[in-house]
Amino acid sequence: MGLLAWLKTQFVVHVLIGFVFVVSGLIINFIQLCTLVLWPVNKQLYRRLNCRLAYSLWSQLVMLLEWWSCTDCTLFTDQATMERFGKEHVVIILNHNYEIDFLCGWTMCERFGVLGSSKVLAKRELLYVPLIGWTWYFLEIVFCKRKWEEDRDLVIGGLRRLADYPEYMWFLLYCEGTRFTEKKHRVSMEVAVSKGLPVLKYHLLPRTKGFTTAVQCLRGTVAAVYDVTLNFRGNKNPSLLGILYGKKYEADMCVRRFPLEEIPLDEKGAAQWLHKLYQEKDALQEMYNQEGVFPGEQFKPARRPWTLLNFLFWATVLLSPLFSFALGVFASGSPLLILTFLGFVGAASFGVRRLIGVTEIEKGSSYGNQEFKKKE
């Protein structure tokens, strides 16, 4: 094991990475708070600034995937679609099977220049998660309670406000509503059978309200829907902790572009289109399991240096005073100061671990276990 590989497994190094992410995130959130004064004066300037501030935070996670674990991401698509990446507003539909599926999506956003302006329809609980939810609030992320009667007006209003967004925007939808588990899949397929819908092998029954509403509200802004089906070679099930320990994975992403004009205008037609799309996604997963590849040409967009440079900037700014302070504490010989400092380190590591826990499948919400039995 080389020195770098050994360092990637060390708890102290993980704490330092977490310290940089948390403290830089709090600084970024404070700057975002200050930019609110720009909203009534120049809304578009406010948005552009917050895209770059969000990039400075999210790119640290992308750096872990690209430069720390050196995970490879291969796209399976066509040349015409590749040439449009990062040059149009789109809705992204991604399967929700893995703890780091969002991170694979973010690395593609970064490589095509839309990481800071990426959007998502997120569950409202995330709004209260430090750093993540706070940053999303300033980015005008649309939050929902996943109860359509309560969400309708909030979701429609949030989507319509994005119609004049000044930067190219990739809007992510997890149409399944929650991460795939065997229990949720079993309940979901019971609902599919009761509704006369085709049974899916690798996906949950898609929830159509969010998709049809997003398509209706963003017509005239969004040019296309990108259907993305993600899988990992070797039947791996990667985690954010694995990335933090430097484990390398190989991600394959099949991307299909559908011009918005091909999606029916009416809600019923759009819902049927989505159900058909998920049958096709299921067939793509079956093909991948049998052949180990998706159809289409293979592309490996080059990683860019900005995520690494951004992290090195924050690490230099924040770790230098931390090390100076730590040396002063231990040099003082004061048991109280040393214990206080170690307590702070322990609290910081616990906080980082809790943030990582947000991504873990076994700690995911129970949404989908019983809710599928209710009418959408």
# chains A, B, ... in the order shown; residues from 1 in each chain; ligands from 1

call {"tool": "select_by_dssp", "arguments": {"residues": "segment 77-306 of chain A", "states": "alpha helix (DSSP H)", "output": "PyMOL selection string"}}
result
chain A and resi 79-84+101-111+132-138+148-161+182-194+208-217+240-244+267-291+306

call {"tool": "select_by_dssp", "arguments": {"residues": "segment 129-350 of chain A", "states": "strand (DSSP E)", "output": "PyMOL selection string"}}
result
chain A and resi 142-144+170-173+224-232+250-259+297-299

call {"tool": "residues_around", "arguments": {"residues": "segment 97-112 of chain A", "least_positions_apart": "2", "cutoff": "8 Å", "atoms": "only C-alpha atoms", "output": "ChimeraX atom specification"}}
result
/A:59,61-62,65-66,73,85-86,95,114-115,118,170,179-181,230,237-240,251,301-304,359-361

call {"tool": "closest_residue", "arguments": {"among": "A:Arg186, A:Lys281, A:Lys87, A:Lys268", "to": "Val255 of chain A", "atoms": "only C-alpha atoms"}}
result
A:Lys281

call {"tool": "closest_residue", "arguments": {"among": "A:Phe344, A:Thr213, A:Leu200, A:Val193", "to": "Gly158 of chain A", "atoms": "only C-alpha atoms"}}
result
A:Thr213

call {"tool": "residues_around", "arguments": {"residues": "segment 129-133 of chain A", "least_positions_apart": "6", "cutoff": "9 Å", "atoms": "only C-alpha atoms", "output": "list in words"}}
result
Val22, Gly25, Leu26, Ile28, Asn29, Leu57, Trp58, Ile141, Leu355 and Val358 of chain A

call {"tool": "closest_atom_pairs", "arguments": {"of": "segment 192-228 of chain A", "to": "segment 289-294 of chain A", "cutoff": "12 Å", "atoms": "only C-alpha atoms", "output": "CSV"}}
result
residue,atom,partner,partner_atom,distance
A:Lys201,CA,A:Asn289,CA,11.9
A:Tyr202,CA,A:Asn289,CA,10.6
A:Val228,CA,A:Phe294,CA,11.2

call {"tool": "write_last_selection", "arguments": {"atoms": "N, CA and C atoms", "output": "PDB file, in the first residue's frame"}}
result
ATOM      1  N   LYS A 201     -38.927  -4.771 -12.838  1.00  0.00           N
ATOM      2  CA  LYS A 201     -38.013  -5.659 -12.122  1.00  0.00           C
ATOM      3  C   LYS A 201     -36.961  -4.888 -11.331  1.00  0.00           C
ATOM      4  N   TYR A 202     -36.525  -3.735 -11.868  1.00  0.00           N
ATOM      5  CA  TYR A 202     -35.386  -3.029 -11.279  1.00  0.00           C
ATOM      6  C   TYR A 202     -35.734  -1.628 -10.775  1.00  0.00           C
ATOM      7  N   VAL A 228     -31.616   9.106 -17.657  1.00  0.00           N
ATOM      8  CA  VAL A 228     -30.298   8.585 -17.264  1.00  0.00           C
ATOM      9  C   VAL A 228     -30.495   7.307 -16.454  1.00  0.00           C
TER      10      VAL A 228
END

call {"tool": "atom_distance", "arguments": {"atom1": "atom CA of Leu327 of chain A", "atom2": "atom CA of Leu339 of chain A"}}
result
13.7 Å

call {"tool": "closest_residue", "arguments": {"among": "A:Asn310, A:Ser117, A:Glu297, A:Lys209", "to": "Asp151 of chain A", "atoms": "only C-alpha atoms"}}
result
A:Lys209

call {"tool": "residues_around", "arguments": {"residues": "Cys70 of chain A", "least_positions_apart": "2", "cutoff": "9 Å", "atoms": "only C-alpha atoms", "output": "list in words"}}
result
Met63, Leu64, Leu65, Glu66, Trp67, Trp68, Asp72, Ile243, Gly246, Lys247, Lys248 and Tyr249 of chain A

call {"tool": "write_last_selection", "arguments": {"atoms": "all heavy atoms", "output": "mmCIF file, in the first residue's frame"}}
result
data_model
loop_
_atom_site.group_PDB
_atom_site.id
_atom_site.type_symbol
_atom_site.label_atom_id
_atom_site.label_comp_id
_atom_site.auth_asym_id
_atom_site.auth_seq_id
_atom_site.Cartn_x
_atom_site.Cartn_y
_atom_site.Cartn_z
ATOM 1 N N MET A 63 -14.950 16.482 -5.980
ATOM 2 C CA MET A 63 -13.510 16.239 -5.898
ATOM 3 C C MET A 63 -13.217 14.881 -5.266
ATOM 4 O O MET A 63 -12.332 14.143 -5.723
ATOM 5 C CB MET A 63 -12.841 17.351 -5.083
ATOM 6 C CG MET A 63 -11.322 17.266 -4.973
ATOM 7 S SD MET A 63 -10.683 16.079 -3.743
ATOM 8 C CE MET A 63 -11.370 16.722 -2.217
ATOM 9 N N LEU A 64 -13.961 14.523 -4.223
ATOM 10 C CA LEU A 64 -13.749 13.226 -3.585
ATOM 11 C C LEU A 64 -13.983 12.088 -4.565
ATOM 12 O O LEU A 64 -13.254 11.096 -4.584
ATOM 13 C CB LEU A 64 -14.677 13.077 -2.381
ATOM 14 C CG LEU A 64 -14.388 13.960 -1.161
ATOM 15 C CD1 LEU A 64 -15.459 13.750 -0.096
ATOM 16 C CD2 LEU A 64 -13.007 13.661 -0.582
ATOM 17 N N LEU A 65 -15.012 12.218 -5.384
ATOM 18 C CA LEU A 65 -15.320 11.164 -6.352
ATOM 19 C C LEU A 65 -14.271 11.113 -7.461
ATOM 20 O O LEU A 65 -13.775 10.037 -7.825
ATOM 21 C CB LEU A 65 -16.705 11.410 -6.959
ATOM 22 C CG LEU A 65 -17.215 10.315 -7.896
ATOM 23 C CD1 LEU A 65 -17.713 9.119 -7.091
ATOM 24 C CD2 LEU A 65 -18.325 10.838 -8.807
ATOM 25 N N GLU A 66 -13.901 12.293 -7.998
ATOM 26 C CA GLU A 66 -13.054 12.339 -9.181
ATOM 27 C C GLU A 66 -11.563 12.188 -8.865
ATOM 28 O O GLU A 66 -10.843 11.484 -9.571
ATOM 29 C CB GLU A 66 -13.265 13.662 -9.927
ATOM 30 C CG GLU A 66 -14.653 13.816 -10.521
ATOM 31 C CD GLU A 66 -14.779 15.097 -11.312
ATOM 32 O OE1 GLU A 66 -13.984 16.044 -11.078
ATOM 33 O OE2 GLU A 66 -15.677 15.167 -12.170
ATOM 34 N N TRP A 67 -11.096 12.885 -7.823
ATOM 35 C CA TRP A 67 -9.659 12.957 -7.554
ATOM 36 C C TRP A 67 -9.221 12.118 -6.357
ATOM 37 O O TRP A 67 -8.073 11.665 -6.301
ATOM 38 C CB TRP A 67 -9.243 14.414 -7.329
ATOM 39 C CG TRP A 67 -9.421 15.271 -8.533
ATOM 40 C CD1 TRP A 67 -10.512 16.025 -8.857
ATOM 41 C CD2 TRP A 67 -8.489 15.442 -9.613
ATOM 42 N NE1 TRP A 67 -10.329 16.668 -10.048
ATOM 43 C CE2 TRP A 67 -9.086 16.328 -10.540
ATOM 44 C CE3 TRP A 67 -7.217 14.945 -9.882
ATOM 45 C CZ2 TRP A 67 -8.450 16.728 -11.707
ATOM 46 C CZ3 TRP A 67 -6.579 15.340 -11.048
ATOM 47 C CH2 TRP A 67 -7.189 16.221 -11.951
ATOM 48 N N TRP A 68 -10.096 11.927 -5.376
ATOM 49 C CA TRP A 68 -9.746 11.168 -4.173
ATOM 50 C C TRP A 68 -9.931 9.674 -4.412
ATOM 51 O O TRP A 68 -9.024 8.879 -4.167
ATOM 52 C CB TRP A 68 -10.585 11.654 -2.992
ATOM 53 C CG TRP A 68 -10.180 11.117 -1.653
ATOM 54 C CD1 TRP A 68 -10.849 10.180 -0.913
ATOM 55 C CD2 TRP A 68 -9.045 11.489 -0.850
ATOM 56 N NE1 TRP A 68 -10.217 9.939 0.287
ATOM 57 C CE2 TRP A 68 -9.097 10.735 0.347
ATOM 58 C CE3 TRP A 68 -7.996 12.381 -1.030
ATOM 59 C CZ2 TRP A 68 -8.133 10.856 1.347
ATOM 60 C CZ3 TRP A 68 -7.037 12.500 -0.035
ATOM 61 C CH2 TRP A 68 -7.115 11.740 1.147
ATOM 62 N N ASP A 72 -14.276 6.241 -12.131
ATOM 63 C CA ASP A 72 -14.493 6.498 -13.556
ATOM 64 C C ASP A 72 -15.986 6.579 -13.849
ATOM 65 O O ASP A 72 -16.781 5.800 -13.312
ATOM 66 C CB ASP A 72 -13.884 5.374 -14.408
ATOM 67 C CG ASP A 72 -12.361 5.410 -14.416
ATOM 68 O OD1 ASP A 72 -11.805 6.520 -14.314
ATOM 69 O OD2 ASP A 72 -11.749 4.335 -14.510
ATOM 70 N N ILE A 243 -16.191 6.073 -0.830
ATOM 71 C CA ILE A 243 -15.502 7.143 -1.557
ATOM 72 C C ILE A 243 -14.507 7.840 -0.635
ATOM 73 O O ILE A 243 -13.366 8.122 -1.015
ATOM 74 C CB ILE A 243 -16.518 8.165 -2.108
ATOM 75 C CG1 ILE A 243 -17.441 7.511 -3.152
ATOM 76 C CG2 ILE A 243 -15.808 9.378 -2.697
ATOM 77 C CD1 ILE A 243 -16.735 7.031 -4.386
ATOM 78 N N GLY A 246 -11.352 6.190 -0.294
ATOM 79 C CA GLY A 246 -10.567 6.124 -1.518
ATOM 80 C C GLY A 246 -10.865 4.944 -2.418
ATOM 81 O O GLY A 246 -10.089 4.649 -3.330
ATOM 82 N N LYS A 247 -11.992 4.260 -2.201
ATOM 83 C CA LYS A 247 -12.329 3.125 -3.055
ATOM 84 C C LYS A 247 -12.721 3.613 -4.447
ATOM 85 O O LYS A 247 -13.491 4.550 -4.591
ATOM 86 C CB LYS A 247 -13.485 2.318 -2.447
ATOM 87 C CG LYS A 247 -13.123 1.615 -1.154
ATOM 88 C CD LYS A 247 -14.302 0.810 -0.632
ATOM 89 C CE LYS A 247 -13.945 0.097 0.672
ATOM 90 N NZ LYS A 247 -15.102 -0.674 1.208
ATOM 91 N N LYS A 248 -12.178 2.951 -5.446
ATOM 92 C CA LYS A 248 -12.455 3.330 -6.829
ATOM 93 C C LYS A 248 -13.587 2.476 -7.389
ATOM 94 O O LYS A 248 -13.601 1.262 -7.242
ATOM 95 C CB LYS A 248 -11.201 3.162 -7.695
ATOM 96 C CG LYS A 248 -11.404 3.558 -9.147
ATOM 97 C CD LYS A 248 -10.109 3.445 -9.939
ATOM 98 C CE LYS A 248 -10.334 3.853 -11.391
ATOM 99 N NZ LYS A 248 -9.091 3.818 -12.174
ATOM 100 N N TYR A 249 -14.552 3.149 -8.020
ATOM 101 C CA TYR A 249 -15.670 2.460 -8.655
ATOM 102 C C TYR A 249 -15.698 2.830 -10.141
ATOM 103 O O TYR A 249 -15.064 3.796 -10.568
ATOM 104 C CB TYR A 249 -16.997 2.851 -7.997
ATOM 105 C CG TYR A 249 -17.052 2.565 -6.519
ATOM 106 C CD1 TYR A 249 -16.860 3.580 -5.580
ATOM 107 C CD2 TYR A 249 -17.301 1.281 -6.048
ATOM 108 C CE1 TYR A 249 -16.916 3.327 -4.219
ATOM 109 C CE2 TYR A 249 -17.357 1.012 -4.683
ATOM 110 C CZ TYR A 249 -17.165 2.044 -3.775
ATOM 111 O OH TYR A 249 -17.216 1.786 -2.428
#

call {"tool": "atom_distance", "arguments": {"atom1": "atom CA of Ser320 of chain A", "atom2": "atom CA of Tyr245 of chain A"}}
result
23.3 Å

call {"tool": "closest_residue", "arguments": {"among": "A:Arg124, A:Asp153, A:Gly196, A:Val91", "to": "Arg219 of chain A", "atoms": "only C-alpha atoms"}}
result
A:Val91

call {"tool": "residues_around", "arguments": {"residues": "Pro264 of chain A", "least_positions_apart": "4", "cutoff": "8 Å", "atoms": "only C-alpha atoms", "output": "MDAnalysis selection string"}}
result
chainID A and resid 269:270 273

call {"tool": "closest_residue", "arguments": {"among": "A:Phe323, A:Ala271, A:Arg152, A:Leu172", "to": "Lys119 of chain A", "atoms": "only C-alpha atoms"}}
result
A:Leu172

call {"tool": "atom_distance", "arguments": {"atom1": "atom CA of Glu140 of chain A", "atom2": "atom CA of Glu83 of chain A"}}
result
27.7 Å

call {"tool": "residues_around", "arguments": {"residues": "Arg160 of chain A", "least_positions_apart": "6", "cutoff": "10 Å", "atoms": "only C-alpha atoms", "output": "JSON, numbers by chain"}}
result
{"A": [214, 216, 217, 218, 219, 221]}

call {"tool": "closest_residue", "arguments": {"among": "A:His14, A:Tyr174, A:Trp6, A:Leu139", "to": "Leu53 of chain A", "atoms": "only C-alpha atoms"}}
result
A:Leu139

call {"tool": "decode", "arguments": {"residues": "segment 182-218 of chain A", "atoms": "N, CA, C and O atoms", "output": "short mmCIF file (atom, residue, chain, number, x, y, z; two decimals), in the first residue's frame"}}
result
data_model
loop_
_atom_site.label_atom_id
_atom_site.label_comp_id
_atom_site.auth_asym_id
_atom_site.auth_seq_id
_atom_site.Cartn_x
_atom_site.Cartn_y
_atom_site.Cartn_z
N GLU A 182 -35.78 -3.74 -1.55
CA GLU A 182 -36.62 -4.89 -1.89
C GLU A 182 -38.02 -4.75 -1.30
O GLU A 182 -39.02 -5.10 -1.94
N LYS A 183 -38.11 -4.24 -0.07
CA LYS A 183 -39.41 -4.08 0.57
C LYS A 183 -40.26 -3.07 -0.18
O LYS A 183 -41.44 -3.32 -0.46
N LYS A 184 -39.67 -1.94 -0.51
CA LYS A 184 -40.42 -0.92 -1.24
C LYS A 184 -40.81 -1.42 -2.63
O LYS A 184 -41.89 -1.11 -3.14
N HIS A 185 -39.93 -2.20 -3.25
CA HIS A 185 -40.23 -2.73 -4.58
C HIS A 185 -41.41 -3.69 -4.52
O HIS A 185 -42.30 -3.65 -5.40
N ARG A 186 -41.45 -4.53 -3.50
CA ARG A 186 -42.56 -5.48 -3.37
C ARG A 186 -43.89 -4.75 -3.23
O ARG A 186 -44.88 -5.09 -3.91
N VAL A 187 -43.93 -3.75 -2.36
CA VAL A 187 -45.16 -2.98 -2.16
C VAL A 187 -45.53 -2.23 -3.44
O VAL A 187 -46.70 -2.18 -3.84
N SER A 188 -44.52 -1.66 -4.08
CA SER A 188 -44.76 -0.89 -5.30
C SER A 188 -45.36 -1.75 -6.41
O SER A 188 -46.28 -1.32 -7.12
N MET A 189 -44.86 -2.96 -6.56
CA MET A 189 -45.37 -3.83 -7.61
C MET A 189 -46.78 -4.34 -7.30
O MET A 189 -47.56 -4.65 -8.21
N GLU A 190 -47.12 -4.44 -6.03
CA GLU A 190 -48.50 -4.78 -5.67
C GLU A 190 -49.44 -3.69 -6.17
O GLU A 190 -50.54 -3.98 -6.68
N VAL A 191 -49.02 -2.44 -6.05
CA VAL A 191 -49.81 -1.32 -6.54
C VAL A 191 -49.89 -1.36 -8.06
O VAL A 191 -50.95 -1.12 -8.65
N ALA A 192 -48.76 -1.67 -8.72
CA ALA A 192 -48.74 -1.74 -10.17
C ALA A 192 -49.75 -2.77 -10.68
O ALA A 192 -50.51 -2.50 -11.63
N VAL A 193 -49.76 -3.94 -10.06
CA VAL A 193 -50.70 -4.99 -10.47
C VAL A 193 -52.14 -4.53 -10.25
O VAL A 193 -53.01 -4.73 -11.11
N SER A 194 -52.40 -3.88 -9.11
CA SER A 194 -53.77 -3.43 -8.81
C SER A 194 -54.26 -2.37 -9.78
O SER A 194 -55.46 -2.23 -10.01
N LYS A 195 -53.32 -1.62 -10.39
CA LYS A 195 -53.68 -0.56 -11.33
C LYS A 195 -53.57 -1.01 -12.78
O LYS A 195 -53.81 -0.22 -13.70
N GLY A 196 -53.20 -2.26 -12.99
CA GLY A 196 -53.09 -2.77 -14.35
C GLY A 196 -51.88 -2.25 -15.09
O GLY A 196 -51.85 -2.21 -16.33
N LEU A 197 -50.83 -1.86 -14.34
CA LEU A 197 -49.60 -1.35 -14.95
C LEU A 197 -48.56 -2.46 -15.04
O LEU A 197 -48.57 -3.38 -14.22
N PRO A 198 -47.67 -2.40 -16.01
CA PRO A 198 -46.63 -3.44 -16.14
C PRO A 198 -45.74 -3.51 -14.90
O PRO A 198 -45.41 -2.49 -14.30
N VAL A 199 -45.38 -4.73 -14.53
CA VAL A 199 -44.50 -4.94 -13.39
C VAL A 199 -43.05 -4.62 -13.79
O VAL A 199 -42.60 -5.02 -14.86
N LEU A 200 -42.35 -3.88 -12.94
CA LEU A 200 -40.96 -3.51 -13.17
C LEU A 200 -40.06 -4.38 -12.30
O LEU A 200 -40.38 -4.68 -11.15
N LYS A 201 -38.93 -4.77 -12.84
CA LYS A 201 -38.01 -5.66 -12.12
C LYS A 201 -36.96 -4.89 -11.33
O LYS A 201 -36.55 -5.31 -10.25
N TYR A 202 -36.53 -3.74 -11.87
CA TYR A 202 -35.39 -3.03 -11.28
C TYR A 202 -35.73 -1.63 -10.78
O TYR A 202 -34.86 -0.92 -10.31
N HIS A 203 -36.99 -1.23 -10.89
CA HIS A 203 -37.40 0.12 -10.49
C HIS A 203 -38.69 0.05 -9.69
O HIS A 203 -39.44 -0.93 -9.77
N LEU A 204 -38.93 1.10 -8.95
CA LEU A 204 -40.22 1.28 -8.30
C LEU A 204 -41.18 1.92 -9.29
O LEU A 204 -40.76 2.52 -10.29
N LEU A 205 -42.45 1.80 -9.02
CA LEU A 205 -43.47 2.44 -9.86
C LEU A 205 -43.26 3.96 -9.82
O LEU A 205 -43.23 4.56 -8.75
N PRO A 206 -43.06 4.59 -10.98
CA PRO A 206 -42.82 6.04 -10.95
C PRO A 206 -44.05 6.82 -10.51
O PRO A 206 -45.18 6.46 -10.86
N ARG A 207 -43.81 7.86 -9.74
CA ARG A 207 -44.88 8.77 -9.32
C ARG A 207 -44.94 9.89 -10.34
O ARG A 207 -43.94 10.58 -10.57
N THR A 208 -46.08 10.08 -10.92
CA THR A 208 -46.18 10.91 -12.12
C THR A 208 -46.45 12.38 -11.85
O THR A 208 -46.19 13.21 -12.72
N LYS A 209 -46.96 12.73 -10.68
CA LYS A 209 -47.38 14.11 -10.42
C LYS A 209 -46.22 15.09 -10.57
O LYS A 209 -46.35 16.14 -11.20
N GLY A 210 -45.08 14.79 -9.95
CA GLY A 210 -43.94 15.70 -10.01
C GLY A 210 -43.46 15.88 -11.44
O GLY A 210 -43.14 17.00 -11.86
N PHE A 211 -43.40 14.78 -12.19
CA PHE A 211 -42.93 14.86 -13.57
C PHE A 211 -43.87 15.66 -14.44
O PHE A 211 -43.44 16.58 -15.16
N THR A 212 -45.15 15.32 -14.41
CA THR A 212 -46.10 16.03 -15.28
C THR A 212 -46.18 17.51 -14.93
O THR A 212 -46.28 18.36 -15.82
N THR A 213 -46.10 17.84 -13.65
CA THR A 213 -46.14 19.24 -13.24
C THR A 213 -44.89 19.98 -13.70
O THR A 213 -44.96 21.11 -14.19
N ALA A 214 -43.71 19.34 -13.54
CA ALA A 214 -42.45 19.97 -13.96
C ALA A 214 -42.46 20.23 -15.46
O ALA A 214 -42.07 21.31 -15.92
N VAL A 215 -42.92 19.26 -16.23
CA VAL A 215 -42.95 19.41 -17.69
C VAL A 215 -43.91 20.53 -18.10
O VAL A 215 -43.60 21.35 -18.97
N GLN A 216 -45.08 20.59 -17.45
CA GLN A 216 -46.05 21.63 -17.78
C GLN A 216 -45.53 23.02 -17.41
O GLN A 216 -45.67 23.97 -18.19
N CYS A 217 -44.94 23.15 -16.23
CA CYS A 217 -44.50 24.46 -15.75
C CYS A 217 -43.25 24.97 -16.47
O CYS A 217 -43.05 26.19 -16.57
N LEU A 218 -42.42 24.06 -16.94
CA LEU A 218 -41.14 24.46 -17.54
C LEU A 218 -41.16 24.42 -19.06
O LEU A 218 -40.12 24.61 -19.69
#
